[in-house]
>>> print(open('model00.txt').read())   # compact mmCIF, C-alpha atoms
# COMPACT_ATOMS: atom_id res chain seq x y z
CA MET A 1 -83.06 32.39 -118.14
CA ARG A 2 -85.42 34.37 -115.92
CA ILE A 3 -84.84 33.78 -112.22
CA ALA A 4 -86.69 34.92 -109.10
CA MET A 5 -84.64 34.74 -105.91
CA ILE A 6 -86.80 34.76 -102.77
CA GLY A 7 -84.74 36.18 -99.93
CA THR A 8 -81.88 38.69 -100.02
CA GLY A 9 -79.85 37.35 -97.13
CA TYR A 10 -76.36 35.99 -97.54
CA VAL A 11 -77.23 33.07 -99.83
CA GLY A 12 -79.94 34.85 -101.82
CA LEU A 13 -78.01 38.02 -102.54
CA VAL A 14 -74.75 36.31 -103.45
CA SER A 15 -76.53 33.71 -105.61
CA GLY A 16 -78.74 36.29 -107.30
CA ALA A 17 -75.81 38.56 -108.13
CA CYS A 18 -73.74 35.67 -109.48
CA PHE A 19 -76.60 34.30 -111.60
CA ALA A 20 -77.05 37.79 -113.03
CA ASP A 21 -73.34 37.93 -113.76
CA PHE A 22 -73.77 34.67 -115.71
CA GLY A 23 -76.14 36.63 -117.99
CA HIS A 24 -79.49 35.59 -116.54
CA ASP A 25 -82.25 38.07 -115.67
CA VAL A 26 -82.61 37.96 -111.88
CA THR A 27 -85.09 39.61 -109.55
CA CYS A 28 -84.34 39.34 -105.83
CA VAL A 29 -87.41 39.52 -103.60
CA ASP A 30 -87.58 40.34 -99.90
CA LYS A 31 -90.42 41.44 -97.61
CA ASP A 32 -88.09 43.81 -95.76
CA GLU A 33 -88.88 47.17 -97.39
CA LYS A 34 -85.89 48.90 -95.77
CA LYS A 35 -83.51 46.27 -97.12
CA ILE A 36 -84.91 46.53 -100.66
CA ALA A 37 -84.78 50.33 -100.51
CA ALA A 38 -81.14 50.13 -99.38
CA LEU A 39 -80.30 47.75 -102.23
CA HIS A 40 -81.88 50.17 -104.70
CA ARG A 41 -79.53 52.81 -103.29
CA GLY A 42 -76.60 50.47 -103.82
CA GLU A 43 -76.17 49.72 -100.11
CA ILE A 44 -75.28 46.06 -99.43
CA PRO A 45 -76.70 44.72 -96.13
CA ILE A 46 -73.90 42.19 -95.59
CA TYR A 47 -70.13 42.36 -95.84
CA GLU A 48 -68.73 40.06 -98.51
CA PRO A 49 -65.61 41.01 -100.49
CA GLY A 50 -66.49 42.03 -104.06
CA LEU A 51 -70.26 41.77 -103.62
CA ASP A 52 -70.95 45.50 -103.79
CA GLU A 53 -69.14 45.82 -107.13
CA LEU A 54 -70.85 42.70 -108.51
CA VAL A 55 -74.31 43.95 -107.55
CA ALA A 56 -73.66 47.44 -108.93
CA ALA A 57 -72.38 46.11 -112.26
CA ASN A 58 -75.37 43.85 -112.84
CA VAL A 59 -77.92 46.44 -111.72
CA LYS A 60 -76.33 48.83 -114.21
CA ALA A 61 -76.55 46.15 -116.92
CA LYS A 62 -80.26 45.71 -116.04
CA ARG A 63 -79.82 42.02 -115.30
CA LEU A 64 -80.42 42.39 -111.53
CA ASP A 65 -83.36 44.04 -109.79
CA PHE A 66 -84.95 44.09 -106.32
CA THR A 67 -88.55 44.19 -105.19
CA THR A 68 -90.85 43.42 -102.25
CA ASP A 69 -93.59 41.93 -104.47
CA LEU A 70 -92.91 38.41 -105.74
CA SER A 71 -96.01 38.02 -107.94
CA LYS A 72 -94.60 39.32 -111.24
CA PRO A 73 -91.04 37.93 -110.87
CA VAL A 74 -92.47 34.49 -110.04
CA ALA A 75 -95.01 34.61 -112.87
CA ASP A 76 -92.24 35.46 -115.36
CA ALA A 77 -89.62 33.07 -113.98
CA ASP A 78 -88.20 29.89 -115.46
CA ALA A 79 -86.89 29.07 -111.99
CA VAL A 80 -87.76 30.37 -108.53
CA PHE A 81 -85.13 29.89 -105.81
CA ILE A 82 -86.15 29.84 -102.16
CA ALA A 83 -83.25 31.33 -100.19
CA VAL A 84 -84.89 32.37 -96.94
CA GLY A 85 -83.55 31.74 -93.45
CA THR A 86 -83.79 28.39 -91.67
CA PRO A 87 -82.59 29.28 -88.15
CA SER A 88 -82.46 26.80 -85.31
CA ARG A 89 -85.88 26.55 -83.71
CA ARG A 90 -85.96 27.60 -80.11
CA GLY A 91 -86.31 24.76 -77.66
CA ASP A 92 -85.43 21.74 -79.78
CA GLY A 93 -82.71 22.70 -82.30
CA HIS A 94 -84.74 21.70 -85.36
CA ALA A 95 -84.44 23.92 -88.42
CA ASP A 96 -87.28 26.46 -88.42
CA LEU A 97 -88.94 25.96 -91.80
CA SER A 98 -91.76 28.46 -91.35
CA TYR A 99 -90.15 30.96 -93.77
CA VAL A 100 -89.60 28.25 -96.38
CA TYR A 101 -93.20 27.02 -96.20
CA ALA A 102 -94.62 30.56 -96.23
CA ALA A 103 -92.55 31.33 -99.34
CA ALA A 104 -93.74 28.12 -101.03
CA LYS A 105 -97.38 29.03 -100.46
CA GLU A 106 -96.93 32.57 -101.76
CA ILE A 107 -94.95 31.35 -104.78
CA ALA A 108 -97.69 28.85 -105.65
CA GLN A 109 -100.26 31.63 -105.96
CA SER A 110 -98.24 33.40 -108.67
CA LEU A 111 -96.92 30.53 -110.80
CA GLN A 112 -97.64 30.71 -114.53
CA GLY A 113 -96.41 28.20 -117.08
CA PHE A 114 -93.78 25.56 -116.40
CA THR A 115 -91.54 26.58 -113.50
CA VAL A 116 -88.84 24.92 -111.44
CA VAL A 117 -89.05 25.85 -107.75
CA VAL A 118 -85.68 25.29 -106.09
CA THR A 119 -84.86 25.11 -102.40
CA LYS A 120 -81.53 26.89 -102.00
CA SER A 121 -81.90 27.25 -98.25
CA THR A 122 -80.37 24.53 -96.08
CA VAL A 123 -83.32 22.30 -95.23
CA PRO A 124 -83.82 18.91 -93.57
CA VAL A 125 -84.34 15.80 -95.65
CA GLY A 126 -87.93 15.66 -96.88
CA THR A 127 -88.49 19.43 -96.95
CA GLY A 128 -88.75 19.38 -100.74
CA ASP A 129 -91.62 16.89 -100.45
CA GLU A 130 -93.50 19.28 -98.17
CA VAL A 131 -92.76 22.28 -100.39
CA GLU A 132 -94.19 20.36 -103.35
CA ARG A 133 -97.26 19.35 -101.34
CA ILE A 134 -97.89 22.97 -100.30
CA ILE A 135 -97.55 24.24 -103.87
CA ARG A 136 -99.87 21.58 -105.34
CA GLU A 137 -102.41 22.08 -102.56
CA THR A 138 -102.37 25.86 -103.01
CA ASN A 139 -102.39 25.77 -106.81
CA PRO A 140 -103.46 22.36 -108.18
CA LYS A 141 -103.07 23.57 -111.77
CA ALA A 142 -99.43 24.60 -111.35
CA ASP A 143 -97.01 23.04 -113.83
CA VAL A 144 -94.09 22.81 -111.44
CA VAL A 145 -91.04 20.75 -110.54
CA VAL A 146 -89.58 21.15 -107.06
CA ALA A 147 -85.82 20.65 -106.89
CA SER A 148 -83.08 20.94 -104.29
CA ASN A 149 -79.90 22.91 -104.99
CA PRO A 150 -77.93 23.33 -101.74
CA GLU A 151 -75.30 26.04 -101.49
CA PHE A 152 -71.68 25.43 -100.51
CA LEU A 153 -70.46 29.01 -100.10
CA ARG A 154 -67.75 30.04 -97.68
CA GLU A 155 -68.32 33.46 -96.19
CA GLY A 156 -65.49 35.70 -97.28
CA ALA A 157 -64.95 33.71 -100.49
CA ALA A 158 -68.54 33.24 -101.63
CA ILE A 159 -68.30 34.79 -105.09
CA ARG A 160 -65.32 32.68 -106.07
CA ASP A 161 -66.98 29.58 -104.58
CA PHE A 162 -70.09 30.24 -106.67
CA LYS A 163 -68.21 30.80 -109.91
CA PHE A 164 -65.57 28.10 -109.40
CA PRO A 165 -67.38 25.43 -107.37
CA ASP A 166 -66.07 22.02 -106.38
CA ARG A 167 -69.48 20.68 -107.38
CA VAL A 168 -73.04 21.80 -108.04
CA VAL A 169 -75.59 19.44 -106.51
CA VAL A 170 -79.08 19.39 -108.03
CA GLY A 171 -81.75 17.17 -106.56
CA THR A 172 -84.44 16.31 -109.10
CA SER A 173 -85.43 13.22 -111.05
CA ASP A 174 -87.56 15.18 -113.51
CA GLU A 175 -86.02 15.59 -116.98
CA ARG A 176 -87.58 19.00 -117.57
CA GLY A 177 -86.24 20.15 -114.23
CA ARG A 178 -82.80 18.80 -115.05
CA LYS A 179 -82.77 20.71 -118.33
CA VAL A 180 -83.71 24.04 -116.72
CA MET A 181 -81.11 23.63 -113.98
CA GLY A 182 -78.51 22.58 -116.52
CA ASP A 183 -79.24 25.71 -118.56
CA ILE A 184 -78.96 27.93 -115.48
CA TYR A 185 -75.53 26.52 -114.60
CA ARG A 186 -74.29 26.15 -118.19
CA PRO A 187 -71.96 29.20 -117.87
CA LEU A 188 -69.89 27.11 -115.45
CA SER A 189 -69.16 24.49 -118.12
CA LEU A 190 -66.02 26.32 -119.25
CA ASN A 191 -64.67 25.76 -115.75
CA GLN A 192 -65.66 22.08 -115.97
CA ALA A 193 -67.64 22.31 -112.76
CA PRO A 194 -69.07 18.90 -111.88
CA LEU A 195 -72.85 19.19 -112.11
CA MET A 196 -74.19 16.35 -109.99
CA PHE A 197 -77.82 15.33 -110.47
CA THR A 198 -79.33 13.16 -107.80
CA ALA A 199 -82.64 12.46 -106.06
CA ARG A 200 -84.07 15.38 -104.12
CA ARG A 201 -83.72 13.82 -100.67
CA THR A 202 -80.15 12.82 -101.45
CA ALA A 203 -79.27 16.41 -102.34
CA GLU A 204 -80.76 17.62 -99.07
CA MET A 205 -78.72 15.00 -97.20
CA ILE A 206 -75.48 15.93 -98.99
CA LYS A 207 -75.58 19.48 -97.58
CA TYR A 208 -75.96 18.37 -93.96
CA ALA A 209 -73.44 15.56 -94.30
CA ALA A 210 -70.84 17.92 -95.80
CA ASN A 211 -71.16 20.48 -93.01
CA ALA A 212 -71.14 17.82 -90.31
CA PHE A 213 -67.97 16.29 -91.74
CA LEU A 214 -66.16 19.63 -91.93
CA ALA A 215 -67.24 20.44 -88.37
CA THR A 216 -65.84 17.06 -87.34
CA LYS A 217 -62.46 17.86 -88.91
CA ILE A 218 -62.28 21.14 -87.00
CA THR A 219 -63.24 19.53 -83.71
CA PHE A 220 -60.82 16.64 -84.26
CA ILE A 221 -57.80 18.92 -84.74
CA ASN A 222 -58.87 21.01 -81.74
CA GLU A 223 -58.81 17.93 -79.53
CA ILE A 224 -55.43 16.94 -80.99
CA ALA A 225 -54.27 20.48 -80.17
CA ASP A 226 -55.17 19.98 -76.51
CA LEU A 227 -53.20 16.75 -76.42
CA SER A 228 -50.29 18.33 -78.30
CA GLU A 229 -50.00 21.01 -75.64
CA LYS A 230 -49.79 18.38 -72.90
CA VAL A 231 -47.20 16.18 -74.61
CA GLY A 232 -45.06 18.95 -76.09
CA ALA A 233 -45.98 18.49 -79.77
CA ASN A 234 -46.77 21.22 -82.30
CA VAL A 235 -50.33 20.91 -83.63
CA GLN A 236 -49.57 22.95 -86.75
CA GLU A 237 -46.91 20.45 -87.79
CA VAL A 238 -49.21 17.58 -86.81
CA ALA A 239 -51.94 19.06 -89.03
CA ARG A 240 -49.52 19.44 -91.93
CA GLY A 241 -48.20 15.92 -91.42
CA ILE A 242 -51.64 14.35 -91.61
CA GLY A 243 -53.06 16.81 -94.14
CA LEU A 244 -50.45 15.91 -96.75
CA ASP A 245 -52.14 12.50 -96.87
CA ASN A 246 -54.57 13.12 -99.72
CA ARG A 247 -57.11 10.85 -98.07
CA ILE A 248 -57.32 13.45 -95.28
CA GLY A 249 -56.45 16.79 -96.94
CA THR A 250 -55.16 20.01 -95.42
CA LYS A 251 -58.35 22.07 -95.21
CA PHE A 252 -60.22 22.59 -91.92
CA LEU A 253 -57.27 21.32 -89.87
CA HIS A 254 -56.50 24.64 -88.20
CA ALA A 255 -56.69 24.51 -84.42
CA GLY A 256 -58.53 27.38 -82.80
CA PRO A 257 -61.29 28.43 -80.41
CA GLY A 258 -64.00 26.30 -82.02
CA PHE A 259 -66.26 26.67 -85.05
CA GLY A 260 -69.06 29.20 -85.33
CA GLY A 261 -70.98 30.99 -88.07
CA SER A 262 -74.35 30.56 -89.68
CA CYS A 263 -73.93 26.96 -90.87
CA PHE A 264 -71.93 24.50 -88.80
CA PRO A 265 -73.57 24.98 -85.36
CA LYS A 266 -77.09 25.23 -86.80
CA ASP A 267 -76.71 22.38 -89.28
CA THR A 268 -75.08 19.93 -86.87
CA LYS A 269 -77.93 20.54 -84.41
CA ALA A 270 -80.52 20.05 -87.15
CA LEU A 271 -78.86 16.85 -88.41
CA ILE A 272 -78.91 15.40 -84.90
CA LYS A 273 -82.61 16.20 -84.58
CA ILE A 274 -83.38 14.66 -87.99
CA ALA A 275 -81.59 11.48 -86.92
CA GLN A 276 -83.52 11.36 -83.64
CA ASP A 277 -86.79 11.65 -85.55
CA TYR A 278 -85.78 8.55 -87.50
CA ASP A 279 -84.48 6.72 -84.40
CA VAL A 280 -80.86 6.88 -85.57
CA SER A 281 -77.99 7.78 -83.25
CA LEU A 282 -75.33 10.10 -84.69
CA ARG A 283 -72.89 9.74 -81.81
CA ILE A 284 -69.94 11.30 -83.67
CA VAL A 285 -71.90 14.41 -84.66
CA GLU A 286 -73.38 14.69 -81.16
CA SER A 287 -69.87 14.61 -79.70
CA VAL A 288 -68.62 17.19 -82.22
CA LEU A 289 -71.30 19.64 -81.13
CA ALA A 290 -70.74 19.05 -77.41
CA VAL A 291 -66.94 19.32 -77.67
CA ASN A 292 -67.18 22.51 -79.71
CA GLU A 293 -69.50 24.21 -77.22
CA ASN A 294 -67.23 23.25 -74.31
CA ARG A 295 -64.18 24.49 -76.18
CA LYS A 296 -65.56 27.96 -76.81
CA ARG A 297 -66.22 28.38 -73.08
CA ALA A 298 -62.79 26.96 -72.20
CA MET A 299 -60.98 29.73 -74.09
CA ALA A 300 -61.78 32.24 -71.33
CA ARG A 301 -60.09 29.91 -68.83
CA LYS A 302 -57.04 29.80 -71.11
CA VAL A 303 -56.79 33.59 -70.88
CA SER A 304 -57.17 33.43 -67.11
CA GLN A 305 -54.36 30.88 -66.82
CA ALA A 306 -52.07 33.14 -68.85
CA LEU A 307 -52.57 35.81 -66.18
CA GLY A 308 -51.95 33.53 -63.22
CA GLY A 309 -55.46 32.21 -62.71
CA SER A 310 -57.40 35.39 -61.91
CA LEU A 311 -59.01 38.03 -64.14
CA ARG A 312 -60.60 40.07 -61.37
CA GLY A 313 -59.99 43.75 -62.15
CA LYS A 314 -57.92 42.96 -65.26
CA THR A 315 -58.40 44.57 -68.68
CA ILE A 316 -58.46 42.20 -71.65
CA ALA A 317 -58.09 43.37 -75.26
CA VAL A 318 -59.85 41.21 -77.85
CA LEU A 319 -58.85 41.41 -81.51
CA GLY A 320 -61.46 39.99 -83.87
CA LEU A 321 -65.12 39.37 -83.09
CA THR A 322 -66.64 37.83 -86.23
CA PHE A 323 -66.59 34.06 -86.51
CA LYS A 324 -64.03 34.23 -89.33
CA PRO A 325 -62.20 36.92 -91.37
CA ASP A 326 -63.70 38.75 -94.36
CA THR A 327 -67.24 38.70 -93.02
CA ASP A 328 -69.32 40.72 -90.57
CA ASP A 329 -71.22 37.62 -89.42
CA MET A 330 -71.48 37.26 -85.64
CA ARG A 331 -73.75 34.22 -85.61
CA ASP A 332 -72.43 31.69 -83.07
CA ALA A 333 -69.04 33.44 -83.14
CA PRO A 334 -66.54 31.99 -80.63
CA SER A 335 -65.92 35.55 -79.43
CA ILE A 336 -69.35 35.65 -77.77
CA PRO A 337 -68.83 32.89 -75.14
CA LEU A 338 -65.20 33.97 -74.78
CA VAL A 339 -66.04 37.59 -73.96
CA THR A 340 -68.97 36.54 -71.79
CA GLY A 341 -66.66 34.21 -69.87
CA LEU A 342 -64.04 36.93 -69.41
CA ILE A 343 -66.67 39.30 -68.00
CA ASP A 344 -68.03 36.58 -65.71
CA MET A 345 -64.51 36.18 -64.32
CA GLY A 346 -64.37 39.85 -63.45
CA ALA A 347 -62.46 41.26 -66.42
CA LYS A 348 -63.08 44.47 -68.32
CA VAL A 349 -63.08 43.84 -72.07
CA LYS A 350 -62.03 46.12 -74.92
CA ALA A 351 -62.45 44.92 -78.51
CA PHE A 352 -61.69 45.77 -82.11
CA ASP A 353 -62.87 44.13 -85.33
CA PRO A 354 -62.30 45.60 -88.82
CA VAL A 355 -65.92 45.24 -89.98
CA GLY A 356 -67.98 43.40 -87.36
CA MET A 357 -68.35 45.84 -84.47
CA GLU A 358 -71.81 47.16 -85.36
CA GLN A 359 -73.14 43.61 -85.52
CA ALA A 360 -71.24 42.70 -82.35
CA LYS A 361 -72.83 45.47 -80.30
CA GLY A 362 -76.14 43.62 -80.28
CA GLU A 363 -74.48 40.46 -78.95
CA LEU A 364 -71.87 42.07 -76.68
CA PRO A 365 -73.21 45.39 -75.38
CA ASN A 366 -71.14 45.60 -72.18
CA ILE A 367 -67.66 46.03 -73.63
CA THR A 368 -65.62 48.94 -74.96
CA TYR A 369 -65.23 49.13 -78.74
CA CYS A 370 -62.00 50.64 -80.09
CA GLU A 371 -60.94 52.25 -83.34
CA ASP A 372 -57.91 50.06 -84.05
CA ALA A 373 -55.74 47.27 -82.65
CA TYR A 374 -53.37 49.57 -80.78
CA SER A 375 -56.02 51.64 -79.00
CA CYS A 376 -57.63 48.34 -78.07
CA ALA A 377 -54.38 47.07 -76.56
CA GLN A 378 -53.67 50.28 -74.62
CA GLY A 379 -53.55 49.55 -70.90
CA ALA A 380 -54.52 45.90 -71.37
CA ASP A 381 -53.21 43.15 -69.11
CA ALA A 382 -53.56 40.65 -71.94
CA LEU A 383 -54.38 40.72 -75.64
CA VAL A 384 -56.40 37.88 -77.17
CA ILE A 385 -56.41 37.20 -80.93
CA VAL A 386 -59.76 35.58 -81.70
CA THR A 387 -60.26 36.12 -85.46
CA GLU A 388 -57.32 35.87 -87.86
CA TRP A 389 -57.95 39.04 -89.86
CA VAL A 390 -55.02 39.86 -92.12
CA GLN A 391 -54.68 43.21 -90.30
CA PHE A 392 -53.62 41.32 -87.16
CA ARG A 393 -50.91 39.19 -88.79
CA ALA A 394 -48.19 41.84 -88.84
CA LEU A 395 -48.72 44.00 -85.76
CA ASP A 396 -45.89 46.28 -84.62
CA LEU A 397 -44.81 44.21 -81.62
CA ASP A 398 -42.68 46.95 -80.06
CA ARG A 399 -45.56 49.41 -80.25
CA LEU A 400 -47.94 46.79 -78.91
CA LYS A 401 -45.72 45.99 -75.93
CA ALA A 402 -45.19 49.67 -75.12
CA THR A 403 -48.91 50.36 -74.92
CA MET A 404 -49.96 47.32 -72.85
CA ALA A 405 -49.99 47.16 -69.05
CA GLN A 406 -48.58 43.63 -69.25
CA PRO A 407 -46.99 42.03 -72.34
CA VAL A 408 -49.24 38.98 -72.44
CA VAL A 409 -50.67 37.67 -75.73
CA VAL A 410 -53.06 34.74 -76.06
CA ASP A 411 -53.16 33.79 -79.74
CA LEU A 412 -56.16 31.53 -80.37
CA ARG A 413 -55.39 31.34 -84.11
CA ASN A 414 -51.62 30.58 -84.00
CA ILE A 415 -50.77 33.43 -86.36
CA TYR A 416 -47.48 34.28 -84.62
CA ARG A 417 -44.40 32.16 -83.91
CA PRO A 418 -43.61 31.48 -80.25
CA GLU A 419 -39.90 32.24 -80.69
CA GLU A 420 -40.73 35.57 -82.36
CA MET A 421 -43.02 36.60 -79.51
CA ALA A 422 -40.51 35.51 -76.86
CA ALA A 423 -37.79 37.54 -78.55
CA ALA A 424 -40.07 40.58 -78.50
CA GLY A 425 -40.51 40.17 -74.75
CA PHE A 426 -44.04 38.77 -74.63
CA THR A 427 -45.53 36.07 -72.50
CA TYR A 428 -47.19 34.17 -75.32
CA GLU A 429 -49.80 31.41 -75.30
CA SER A 430 -51.18 29.74 -78.41
CA VAL A 431 -53.23 26.65 -79.24
CA GLY A 432 -51.65 23.20 -79.44
CA ARG A 433 -48.07 24.47 -79.12
CA SER A 434 -45.80 24.99 -76.13
CA SER A 435 -44.68 28.60 -75.60
CA GLN A 436 -41.15 27.53 -76.63
CA ALA A 437 -42.21 25.39 -79.63
>>> encode(input="model00.txt", output="structure tokens")
Amino acid sequence: MRIAMIGTGYVGLVSGACFADFGHDVTCVDKDEKKIAALHRGEIPIYEPGLDELVAANVKAKRLDFTTDLSKPVADADAVFIAVGTPSRRGDGHADLSYVYAAAKEIAQSLQGFTVVVTKSTVPVGTGDEVERIIRETNPKADVVVASNPEFLREGAAIRDFKFPDRVVVGTSDERGRKVMGDIYRPLSLNQAPLMFTARRTAEMIKYAANAFLATKITFINEIADLSEKVGANVQEVARGIGLDNRIGTKFLHAGPGFGGSCFPKDTKALIKIAQDYDVSLRIVESVLAVNENRKRAMARKVSQALGGSLRGKTIAVLGLTFKPDTDDMRDAPSIPLVTGLIDMGAKVKAFDPVGMEQAKGELPNITYCEDAYSCAQGADALVIVTEWVQFRALDLDRLKATMAQPVVVDLRNIYRPEEMAAAGFTYESVGRSSQA
């Protein structure tokens, strides 16, 4: 199949590379000339494990190409995927669909022959209707089917998620569209991936509902963690005890500083706004968003309490800045309100992240960036683990203690055992566990 992928951001680049690896001919299109030039040089604009090798292999095999001009790739394509950004709109939290609609109009002008236009971007319910209207208004003669195909990729594990998905959701009621989409995803059939065809609006709803539910699981276990601390329970054992119930499941039950990233905060806000437009109250989702925002700010107070209630003049070392490991994504990262809160309380902040520091500098310019965990900890009154990078899971505790001004560790990801830290001579605080648990 011949595929045009409009947008070379996280979703577009990963999807385009994986489709090419399936054997399809893929052209990724982006208006950013510098980004396309970098891709031609083999430079990947995002950090995702294995993506650079996947792109290089498929470029070499001549199945993957990059361009700034969509006219020829769209004209030649069996399917055109729209994978542009849909950020939260300033002021009201709605998804900003201007990039999607601009892409639809430009695509319409270049369509030739039967083509399936697919919204891969996360878009509110009804967006596909508007995309179809724009295309038909711009090019009344276009032989086109507009479908929805939401992505369910986890940053840091996106390639595996694409090739071994839990499900592939395709929103179209058109038989020709179903056939093209079935052909595109046929290489997954050996893995018995469930290809779920549904109505377009239903597919759009599935994406938002999935993210809202996962965000709810995270927020639920975070609130249970707060209660566990007060009553002397261990939230990790609580999570395991409820997660072994297969009606609940173990995933997304890890207590921490709150969810961040490019999806959950943006999509929960957008879902709430969609519901308001239809005069529906999503009280659970509204609470999830409010609790999560409060939690991220509360983590700075947790650090302050570990140092006796005052951070004035103290130096705090922060390990991990990205919203999760194995990505350089700083969007809505819990580290941002945490570090901002620490500075507001009078602390000096040093930080280290294995891959995210260049991206972090734009969000957090007033801190000191270090070359490794130990230089970050040097002279610090407390060390805070914010992102559970594998590099932070086996630190040399004796070396760490020797270099710090005070042996205080606040572990917001529960990657160490309280008894181990106590034996090493640290004052240790974690989430949802007593320091002696």
>>> closest_residue(input="model00.txt", among="A:Lys163, A:Arg200, A:Arg247, A:Arg297", to="Cys18 of chain A", atoms="only C-alpha atoms")
A:Lys163
>>> atom_distance(input="model00.txt", atom1="atom CA of Ile272 of chain A", atom2="atom CA of Glu130 of chain A")
20.1 Å
>>> residues_around(input="model00.txt", residues="Arg154 of chain A", least_positions_apart="6", cutoff="10 Å", atoms="all atoms listed in the file", output="VMD selection string")
chain A and resid 160 to 162 263 327
>>> closest_atom_pairs(input="model00.txt", of="segment 350-433 of chain A", to="segment 229-246 of chain A", cutoff="8 Å", atoms="all atoms listed in the file", output="CSV")
residue,atom,partner,partner_atom,distance
A:Val431,CA,A:Glu229,CA,7.4
A:Gly432,CA,A:Glu229,CA,4.7
A:Arg433,CA,A:Asn234,CA,4.7
>>> closest_residue(input="model00.txt", among="A:Pro49, A:Gly309, A:Pro165, A:Pro150", to="Ala210 of chain A", atoms="all atoms listed in the file")
A:Pro150
>>> atom_distance(input="model00.txt", atom1="atom CA of Ala333 of chain A", atom2="atom CA of Gly256 of chain A")
12.1 Å
>>> residues_near_point(input="model00.txt", point="(-98.4, 33.2, -105.3)", cutoff="9 Å", atoms="all atoms listed in the file", output="count of residues only")
15
>>> residues_around(input="model00.txt", residues="segment 409-416 of chain A", least_positions_apart="2", cutoff="8 Å", atoms="all atoms listed in the file", output="VMD selection string")
chain A and resid 254 to 257 303 306 382 to 388 393 407 418 420 to 421 426 to 431
>>> write_last_selection(input="model00.txt", atoms="C-alpha atoms", output="PDB file, in the frame of the given file")
ATOM      1  CA  HIS A 254     -56.500  24.640 -88.200  1.00  0.00           C
ATOM      2  CA  ALA A 255     -56.690  24.510 -84.420  1.00  0.00           C
ATOM      3  CA  GLY A 256     -58.530  27.380 -82.800  1.00  0.00           C
ATOM      4  CA  PRO A 257     -61.290  28.430 -80.410  1.00  0.00           C
ATOM      5  CA  VAL A 303     -56.790  33.590 -70.880  1.00  0.00           C
ATOM      6  CA  ALA A 306     -52.070  33.140 -68.850  1.00  0.00           C
ATOM      7  CA  ALA A 382     -53.560  40.650 -71.940  1.00  0.00           C
ATOM      8  CA  LEU A 383     -54.380  40.720 -75.640  1.00  0.00           C
ATOM      9  CA  VAL A 384     -56.400  37.880 -77.170  1.00  0.00           C
ATOM     10  CA  ILE A 385     -56.410  37.200 -80.930  1.00  0.00           C
ATOM     11  CA  VAL A 386     -59.760  35.580 -81.700  1.00  0.00           C
ATOM     12  CA  THR A 387     -60.260  36.120 -85.460  1.00  0.00           C
ATOM     13  CA  GLU A 388     -57.320  35.870 -87.860  1.00  0.00           C
ATOM     14  CA  ARG A 393     -50.910  39.190 -88.790  1.00  0.00           C
ATOM     15  CA  PRO A 407     -46.990  42.030 -72.340  1.00  0.00           C
ATOM     16  CA  PRO A 418     -43.610  31.480 -80.250  1.00  0.00           C
ATOM     17  CA  GLU A 420     -40.730  35.570 -82.360  1.00  0.00           C
ATOM     18  CA  MET A 421     -43.020  36.600 -79.510  1.00  0.00           C
ATOM     19  CA  PHE A 426     -44.040  38.770 -74.630  1.00  0.00           C
ATOM     20  CA  THR A 427     -45.530  36.070 -72.500  1.00  0.00           C
ATOM     21  CA  TYR A 428     -47.190  34.170 -75.320  1.00  0.00           C
ATOM     22  CA  GLU A 429     -49.800  31.410 -75.300  1.00  0.00           C
ATOM     23  CA  SER A 430     -51.180  29.740 -78.410  1.00  0.00           C
ATOM     24  CA  VAL A 431     -53.230  26.650 -79.240  1.00  0.00           C
TER      25      VAL A 431
END
>>> residues_around(input="model00.txt", residues="Glu132 of chain A", least_positions_apart="6", cutoff="9 Å", atoms="only C-alpha atoms", output="JSON, numbers by chain")
{"A": [104, 117, 144, 145, 146]}
>>> build_atoms(input="model00.txt", residues="segment 148-156 of chain A", atoms="N, CA and C atoms", output="PDB file, keeping the file's coordinate frame")
ATOM      1  N   SER A 148     -83.979  20.491-105.350  1.00  0.00           N
ATOM      2  CA  SER A 148     -83.080  20.940-104.290  1.00  0.00           C
ATOM      3  C   SER A 148     -81.743  21.320-104.909  1.00  0.00           C
ATOM      4  N   ASN A 149     -81.194  22.451-104.464  1.00  0.00           N
ATOM      5  CA  ASN A 149     -79.900  22.910-104.990  1.00  0.00           C
ATOM      6  C   ASN A 149     -79.123  23.571-103.837  1.00  0.00           C
ATOM      7  N   PRO A 150     -78.600  22.754-102.921  1.00  0.00           N
ATOM      8  CA  PRO A 150     -77.930  23.330-101.740  1.00  0.00           C
ATOM      9  C   PRO A 150     -76.725  24.165-102.105  1.00  0.00           C
ATOM     10  N   GLU A 151     -76.455  25.167-101.251  1.00  0.00           N
ATOM     11  CA  GLU A 151     -75.300  26.040-101.490  1.00  0.00           C
ATOM     12  C   GLU A 151     -74.113  25.547-100.667  1.00  0.00           C
ATOM     13  N   PHE A 152     -72.913  25.807-101.192  1.00  0.00           N
ATOM     14  CA  PHE A 152     -71.680  25.430-100.510  1.00  0.00           C
ATOM     15  C   PHE A 152     -70.723  26.631-100.517  1.00  0.00           C
ATOM     16  N   LEU A 153     -71.220  27.762-100.045  1.00  0.00           N
ATOM     17  CA  LEU A 153     -70.460  29.010-100.100  1.00  0.00           C
ATOM     18  C   LEU A 153     -69.757  29.266 -98.779  1.00  0.00           C
ATOM     19  N   ARG A 154     -68.484  29.622 -98.866  1.00  0.00           N
ATOM     20  CA  ARG A 154     -67.750  30.040 -97.680  1.00  0.00           C
ATOM     21  C   ARG A 154     -67.857  31.551 -97.550  1.00  0.00           C
ATOM     22  N   GLU A 155     -68.285  32.025 -96.402  1.00  0.00           N
ATOM     23  CA  GLU A 155     -68.320  33.460 -96.190  1.00  0.00           C
ATOM     24  C   GLU A 155     -66.909  34.014 -96.312  1.00  0.00           C
ATOM     25  N   GLY A 156     -66.787  35.120 -97.020  1.00  0.00           N
ATOM     26  CA  GLY A 156     -65.490  35.700 -97.280  1.00  0.00           C
ATOM     27  C   GLY A 156     -64.902  35.280 -98.611  1.00  0.00           C
TER      28      GLY A 156
END
